[in-house]
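Read through the structure below, which is laid out as structure tokens, and then see the notes.
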Amino acid sequence: MVRPSKKTQIPNLQEAIKETAWKQIAETGAAALSLRAIARELKITAPAIYNYFPDRDALVTALIIDAYTSFGDYQIVARDAQAEDDLAGQLQAIGLAYRQWALEYPQRYQLIFGTPIPGYQAPMMEVLPSAARSLSAPVSVIDKLRIANRLNAEGFPAIQPGYEQMFDVWRSFAGNYDIFSLSVAMIIWSRVHGLVSLEISNNMPPFGVDGSSLYRYEMESIIRQFVKGA
């Protein structure tokens, strides 16, 4: 195994590689990610990186998994900080955490939700566990609302035949929640995702660069729409 020389020995080289990759993505974009450039930045040989990541795609996959994991953790912590019986409060906290994480880590958000990297295809079965878990917090609250008969989703469209298996795969990684709860959570996700994506790309409607007031308004609208008695 090729290792960096003693004078450039790095205690946790794998993490250093990923941190340098994030720095490179912030400066030049994910499409320009280069293992050799990372090696130069860390003052190590390229083969030292190959011991951890055999090619660029392997590194990108690791970054995506880390991003999804952090994203999910952020929302779960926000949910669990609220009272157990305050489901509306949990849903709002998750939504606010969603936006806050994106603002703190815009490169990570864009890597998992933004423009695809040319030539890269994410290995679905490697990425899916962390991706599914990243949205498990809102799904869990929606499912609690459904069980408590507090979910207001009358007339919600049914899942089209043939797509049930996709939901079953998601549930195998993120929790055995009802498919209807997952469907409602997906439409809520699409609404907050749209606003956050506009904000971090500086394309907000005429509400200024900071979209906090508009985002809070949308979260309150979502809660009034879907939570009975909110």
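Simple scheme: letters A, B, ... for chains in structure tokens order, numbers from 1 for residues in each chain, numbers from 1 for ligands in the order shown.
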
DSSP on the backbone, then: every residue of region 16-140 of chain A marked alpha helix (DSSP H), written as a PyMOL selection string.
chain A and resi 16-28+35-42+46-50+56-80+87-104+106-113+124-133+136-140

Non-local contacts of Gly155 (chain A) (12 Å; only C-alpha atoms; under 4 positions in same chain excluded) as a PyMOL selection string:
chain A and resi 151+180+184+226

Next, dump the selected residues to file, keeping only all heavy atoms, as a PDB file, in the first residue's frame.
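Output file out-v7.pdb follows:
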ATOM      1  N   LEU A 151     -54.183  13.910   9.908  1.00  0.00           N
ATOM      2  CA  LEU A 151     -53.639  14.248   8.597  1.00  0.00           C
ATOM      3  C   LEU A 151     -54.776  14.645   7.669  1.00  0.00           C
ATOM      4  O   LEU A 151     -55.692  13.861   7.398  1.00  0.00           O
ATOM      5  CB  LEU A 151     -52.878  13.056   8.019  1.00  0.00           C
ATOM      6  CG  LEU A 151     -52.242  13.273   6.630  1.00  0.00           C
ATOM      7  CD1 LEU A 151     -51.225  14.399   6.670  1.00  0.00           C
ATOM      8  CD2 LEU A 151     -51.579  11.976   6.145  1.00  0.00           C
ATOM      9  N   PHE A 180     -49.056   5.876   1.910  1.00  0.00           N
ATOM     10  CA  PHE A 180     -49.789   7.125   1.784  1.00  0.00           C
ATOM     11  C   PHE A 180     -49.047   8.254   2.503  1.00  0.00           C
ATOM     12  O   PHE A 180     -48.943   9.380   1.984  1.00  0.00           O
ATOM     13  CB  PHE A 180     -51.197   6.979   2.365  1.00  0.00           C
ATOM     14  CG  PHE A 180     -52.035   8.218   2.201  1.00  0.00           C
ATOM     15  CD1 PHE A 180     -52.533   8.578   0.958  1.00  0.00           C
ATOM     16  CD2 PHE A 180     -52.318   9.031   3.285  1.00  0.00           C
ATOM     17  CE1 PHE A 180     -53.303   9.724   0.798  1.00  0.00           C
ATOM     18  CE2 PHE A 180     -53.081  10.177   3.141  1.00  0.00           C
ATOM     19  CZ  PHE A 180     -53.578  10.525   1.894  1.00  0.00           C
ATOM     20  N   VAL A 184     -47.612  11.811   0.765  1.00  0.00           N
ATOM     21  CA  VAL A 184     -47.885  13.172   1.231  1.00  0.00           C
ATOM     22  C   VAL A 184     -46.580  13.883   1.554  1.00  0.00           C
ATOM     23  O   VAL A 184     -46.395  15.063   1.215  1.00  0.00           O
ATOM     24  CB  VAL A 184     -48.818  13.147   2.457  1.00  0.00           C
ATOM     25  CG1 VAL A 184     -48.974  14.552   3.041  1.00  0.00           C
ATOM     26  CG2 VAL A 184     -50.181  12.577   2.085  1.00  0.00           C
ATOM     27  N   PHE A 226     -52.209  20.527   5.914  1.00  0.00           N
ATOM     28  CA  PHE A 226     -52.144  19.083   6.140  1.00  0.00           C
ATOM     29  C   PHE A 226     -52.371  18.645   7.577  1.00  0.00           C
ATOM     30  O   PHE A 226     -52.621  17.448   7.805  1.00  0.00           O
ATOM     31  CB  PHE A 226     -50.774  18.558   5.675  1.00  0.00           C
ATOM     32  CG  PHE A 226     -50.622  18.543   4.181  1.00  0.00           C
ATOM     33  CD1 PHE A 226     -49.867  19.505   3.537  1.00  0.00           C
ATOM     34  CD2 PHE A 226     -51.230  17.573   3.414  1.00  0.00           C
ATOM     35  CE1 PHE A 226     -49.714  19.500   2.156  1.00  0.00           C
ATOM     36  CE2 PHE A 226     -51.093  17.549   2.034  1.00  0.00           C
ATOM     37  CZ  PHE A 226     -50.335  18.518   1.399  1.00  0.00           C
TER      38      PHE A 226
END

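The coordinates place CA of Gly29 (chain A) at 21.0 Å from CA of Thr69 (chain A).
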
Per-residue nearest contacts region 116-211 of chain A to region 51-68 of chain A, cut-off 10 Å, using only C-alpha atoms, as JSON lines:
{"residue": "A:Ile117", "atom": "CA", "partner": "A:Val60", "partner_atom": "CA", "distance": 9.3}
{"residue": "A:Gly119", "atom": "CA", "partner": "A:Asp57", "partner_atom": "CA", "distance": 8.9}
{"residue": "A:Tyr120", "atom": "CA", "partner": "A:Asp57", "partner_atom": "CA", "distance": 6.4}
{"residue": "A:Gln121", "atom": "CA", "partner": "A:Asp57", "partner_atom": "CA", "distance": 8.1}
{"residue": "A:Ala122", "atom": "CA", "partner": "A:Thr61", "partner_atom": "CA", "distance": 6.4}
{"residue": "A:Pro123", "atom": "CA", "partner": "A:Thr61", "partner_atom": "CA", "distance": 7.6}
{"residue": "A:Met124", "atom": "CA", "partner": "A:Thr61", "partner_atom": "CA", "distance": 9.8}
{"residue": "A:Glu126", "atom": "CA", "partner": "A:Thr61", "partner_atom": "CA", "distance": 8.0}
{"residue": "A:Val127", "atom": "CA", "partner": "A:Ile65", "partner_atom": "CA", "distance": 5.8}
{"residue": "A:Leu128", "atom": "CA", "partner": "A:Ile65", "partner_atom": "CA", "distance": 8.6}
{"residue": "A:Pro129", "atom": "CA", "partner": "A:Ile65", "partner_atom": "CA", "distance": 8.6}
{"residue": "A:Ser130", "atom": "CA", "partner": "A:Tyr68", "partner_atom": "CA", "distance": 5.5}
{"residue": "A:Ala131", "atom": "CA", "partner": "A:Tyr68", "partner_atom": "CA", "distance": 5.5}
{"residue": "A:Ala132", "atom": "CA", "partner": "A:Tyr68", "partner_atom": "CA", "distance": 8.6}
{"residue": "A:Arg133", "atom": "CA", "partner": "A:Tyr68", "partner_atom": "CA", "distance": 7.9}
{"residue": "A:Ser134", "atom": "CA", "partner": "A:Tyr68", "partner_atom": "CA", "distance": 5.7}
{"residue": "A:Leu135", "atom": "CA", "partner": "A:Tyr68", "partner_atom": "CA", "distance": 9.1}

What would the file look like if the residues just selected were written as a CSV table (one decimal), in the first residue's frame with N, CA and C atoms?
chain,number,residue,atom,x,y,z
A,117,ILE,N,-23.5,15.6,-12.5
A,117,ILE,CA,-22.1,15.7,-13.0
A,117,ILE,C,-22.0,14.9,-14.3
A,119,GLY,N,-21.0,12.4,-16.9
A,119,GLY,CA,-20.3,11.1,-16.9
A,119,GLY,C,-20.4,10.4,-15.6
A,120,TYR,N,-21.1,10.9,-14.6
A,120,TYR,CA,-21.3,10.2,-13.3
A,120,TYR,C,-22.7,9.7,-13.2
A,121,GLN,N,-22.8,8.5,-12.8
A,121,GLN,CA,-24.1,7.8,-12.5
A,121,GLN,C,-24.0,7.3,-11.1
A,122,ALA,N,-24.8,7.8,-10.2
A,122,ALA,CA,-24.7,7.3,-8.8
A,122,ALA,C,-25.1,5.8,-8.7
A,123,PRO,N,-24.3,5.0,-8.0
A,123,PRO,CA,-24.7,3.6,-7.8
A,123,PRO,C,-25.9,3.6,-6.8
A,124,MET,N,-27.1,3.3,-7.3
A,124,MET,CA,-28.3,3.5,-6.5
A,124,MET,C,-28.3,2.7,-5.2
A,126,GLU,N,-25.9,1.8,-3.4
A,126,GLU,CA,-25.0,2.4,-2.4
A,126,GLU,C,-25.5,3.7,-1.8
A,127,VAL,N,-26.2,4.5,-2.6
A,127,VAL,CA,-26.6,5.8,-2.1
A,127,VAL,C,-28.0,5.7,-1.5
A,128,LEU,N,-28.8,4.8,-1.9
A,128,LEU,CA,-30.2,4.8,-1.4
A,128,LEU,C,-30.4,4.7,0.1
A,129,PRO,N,-29.7,3.9,0.8
A,129,PRO,CA,-29.9,3.9,2.3
A,129,PRO,C,-29.8,5.3,2.9
A,130,SER,N,-28.8,6.1,2.6
A,130,SER,CA,-28.6,7.4,3.2
A,130,SER,C,-29.6,8.4,2.6
A,131,ALA,N,-29.9,8.2,1.3
A,131,ALA,CA,-30.9,9.1,0.7
A,131,ALA,C,-32.3,8.9,1.3
A,132,ALA,N,-32.7,7.7,1.4
A,132,ALA,CA,-34.0,7.4,2.0
A,132,ALA,C,-34.1,7.9,3.5
A,133,ARG,N,-33.0,7.7,4.2
A,133,ARG,CA,-33.0,8.1,5.6
A,133,ARG,C,-33.1,9.7,5.7
A,134,SER,N,-32.6,10.4,4.7
A,134,SER,CA,-32.5,11.8,4.8
A,134,SER,C,-33.9,12.5,4.8
A,135,LEU,N,-34.9,11.7,4.3
A,135,LEU,CA,-36.3,12.3,4.4
A,135,LEU,C,-37.1,11.5,5.3

Show which residues sit within 12 Å of Gly211 (chain A), as a PDB file with N, CA and C atoms, in the first residue's frame. Count only C-alpha atoms, and ignore same-chain residues fewer than 4 positions away.
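Contents of out.pdb, as written:
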ATOM      1  N   LEU A  96     -37.694  23.927   8.837  1.00  0.00           N
ATOM      2  CA  LEU A  96     -36.708  24.988   9.049  1.00  0.00           C
ATOM      3  C   LEU A  96     -35.289  24.420   9.027  1.00  0.00           C
ATOM      4  N   ARG A  99     -34.023  23.915   5.397  1.00  0.00           N
ATOM      5  CA  ARG A  99     -33.484  25.133   4.788  1.00  0.00           C
ATOM      6  C   ARG A  99     -32.142  25.522   5.405  1.00  0.00           C
ATOM      7  N   GLN A 100     -32.049  25.437   6.725  1.00  0.00           N
ATOM      8  CA  GLN A 100     -30.820  25.853   7.392  1.00  0.00           C
ATOM      9  C   GLN A 100     -29.635  25.005   6.950  1.00  0.00           C
ATOM     10  N   LEU A 103     -28.498  26.120   3.535  1.00  0.00           N
ATOM     11  CA  LEU A 103     -27.777  27.388   3.566  1.00  0.00           C
ATOM     12  C   LEU A 103     -26.375  27.223   4.132  1.00  0.00           C
ATOM     13  N   VAL A 192     -40.991  22.654  -0.320  1.00  0.00           N
ATOM     14  CA  VAL A 192     -39.887  23.321   0.386  1.00  0.00           C
ATOM     15  C   VAL A 192     -38.605  23.256  -0.441  1.00  0.00           C
ATOM     16  N   GLY A 194     -38.350  23.424  -3.636  1.00  0.00           N
ATOM     17  CA  GLY A 194     -38.370  24.462  -4.658  1.00  0.00           C
ATOM     18  C   GLY A 194     -37.909  25.806  -4.129  1.00  0.00           C
ATOM     19  N   LEU A 195     -38.395  26.203  -2.972  1.00  0.00           N
ATOM     20  CA  LEU A 195     -38.004  27.486  -2.394  1.00  0.00           C
ATOM     21  C   LEU A 195     -36.526  27.500  -2.019  1.00  0.00           C
ATOM     22  N   VAL A 196     -36.064  26.427  -1.391  1.00  0.00           N
ATOM     23  CA  VAL A 196     -34.662  26.367  -0.975  1.00  0.00           C
ATOM     24  C   VAL A 196     -33.730  26.396  -2.178  1.00  0.00           C
ATOM     25  N   SER A 197     -34.089  25.669  -3.214  1.00  0.00           N
ATOM     26  CA  SER A 197     -33.251  25.641  -4.415  1.00  0.00           C
ATOM     27  C   SER A 197     -33.161  27.026  -5.045  1.00  0.00           C
ATOM     28  N   LEU A 198     -34.267  27.751  -5.072  1.00  0.00           N
ATOM     29  CA  LEU A 198     -34.244  29.113  -5.603  1.00  0.00           C
ATOM     30  C   LEU A 198     -33.367  30.017  -4.741  1.00  0.00           C
ATOM     31  N   GLU A 199     -33.471  29.850  -3.434  1.00  0.00           N
ATOM     32  CA  GLU A 199     -32.729  30.738  -2.546  1.00  0.00           C
ATOM     33  C   GLU A 199     -31.225  30.528  -2.642  1.00  0.00           C
ATOM     34  N   ILE A 200     -30.773  29.278  -2.599  1.00  0.00           N
ATOM     35  CA  ILE A 200     -29.323  29.056  -2.599  1.00  0.00           C
ATOM     36  C   ILE A 200     -28.700  29.329  -3.964  1.00  0.00           C
ATOM     37  N   SER A 201     -29.532  29.416  -5.010  1.00  0.00           N
ATOM     38  CA  SER A 201     -29.011  29.782  -6.327  1.00  0.00           C
ATOM     39  C   SER A 201     -29.240  31.262  -6.630  1.00  0.00           C
ATOM     40  N   ASN A 202     -29.651  32.017  -5.595  1.00  0.00           N
ATOM     41  CA  ASN A 202     -29.875  33.469  -5.723  1.00  0.00           C
ATOM     42  C   ASN A 202     -30.911  33.806  -6.785  1.00  0.00           C
ATOM     43  N   ASN A 203     -31.948  32.981  -6.847  1.00  0.00           N
ATOM     44  CA  ASN A 203     -33.022  33.210  -7.819  1.00  0.00           C
ATOM     45  C   ASN A 203     -34.375  33.349  -7.145  1.00  0.00           C
ATOM     46  N   MET A 204     -34.382  33.997  -5.981  1.00  0.00           N
ATOM     47  CA  MET A 204     -35.641  34.175  -5.264  1.00  0.00           C
ATOM     48  C   MET A 204     -36.571  35.115  -6.030  1.00  0.00           C
ATOM     49  N   PRO A 205     -37.870  34.932  -5.826  1.00  0.00           N
ATOM     50  CA  PRO A 205     -38.824  35.937  -6.327  1.00  0.00           C
ATOM     51  C   PRO A 205     -38.552  37.284  -5.641  1.00  0.00           C
ATOM     52  N   PRO A 206     -39.332  38.308  -5.894  1.00  0.00           N
ATOM     53  CA  PRO A 206     -39.009  39.638  -5.353  1.00  0.00           C
ATOM     54  C   PRO A 206     -39.241  39.763  -3.845  1.00  0.00           C
ATOM     55  N   PHE A 207     -38.523  38.930  -3.080  1.00  0.00           N
ATOM     56  CA  PHE A 207     -38.604  38.990  -1.626  1.00  0.00           C
ATOM     57  C   PHE A 207     -37.222  39.202  -1.021  1.00  0.00           C
ATOM     58  N   TYR A 215     -40.221  31.578   3.236  1.00  0.00           N
ATOM     59  CA  TYR A 215     -40.124  30.162   3.582  1.00  0.00           C
ATOM     60  C   TYR A 215     -40.998  29.851   4.799  1.00  0.00           C
ATOM     61  N   ARG A 216     -40.937  30.698   5.818  1.00  0.00           N
ATOM     62  CA  ARG A 216     -41.772  30.488   6.996  1.00  0.00           C
ATOM     63  C   ARG A 216     -43.257  30.553   6.627  1.00  0.00           C
ATOM     64  N   TYR A 217     -43.613  31.463   5.740  1.00  0.00           N
ATOM     65  CA  TYR A 217     -44.993  31.545   5.291  1.00  0.00           C
ATOM     66  C   TYR A 217     -45.417  30.234   4.628  1.00  0.00           C
ATOM     67  N   GLU A 218     -44.556  29.683   3.805  1.00  0.00           N
ATOM     68  CA  GLU A 218     -44.880  28.426   3.130  1.00  0.00           C
ATOM     69  C   GLU A 218     -44.988  27.279   4.124  1.00  0.00           C
TER      70      GLU A 218
END

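Residue nearest His193 (chain A), chosen from A:Leu13, A:Ala21, A:Ala137, A:Ile112 and counting only C-alpha atoms: A:Ile112.
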
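Of the listed residues A:Leu35, A:Ile147, A:Ala97, A:Ala26, the one whose atoms come nearest to Ile49 (chain A) is A:Leu35, with distances taken using only C-alpha atoms.
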
Please determine, counting only C-alpha atoms, which residue among A:Pro157, A:Gly175, A:Pro47, A:Gly95 has the shortest atom-to-atom distance to Trp189 (chain A).
A:Gly95

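Going from CA of Gln90 (chain A) over to CA of Leu145 (chain A), you cover 11.0 Å.
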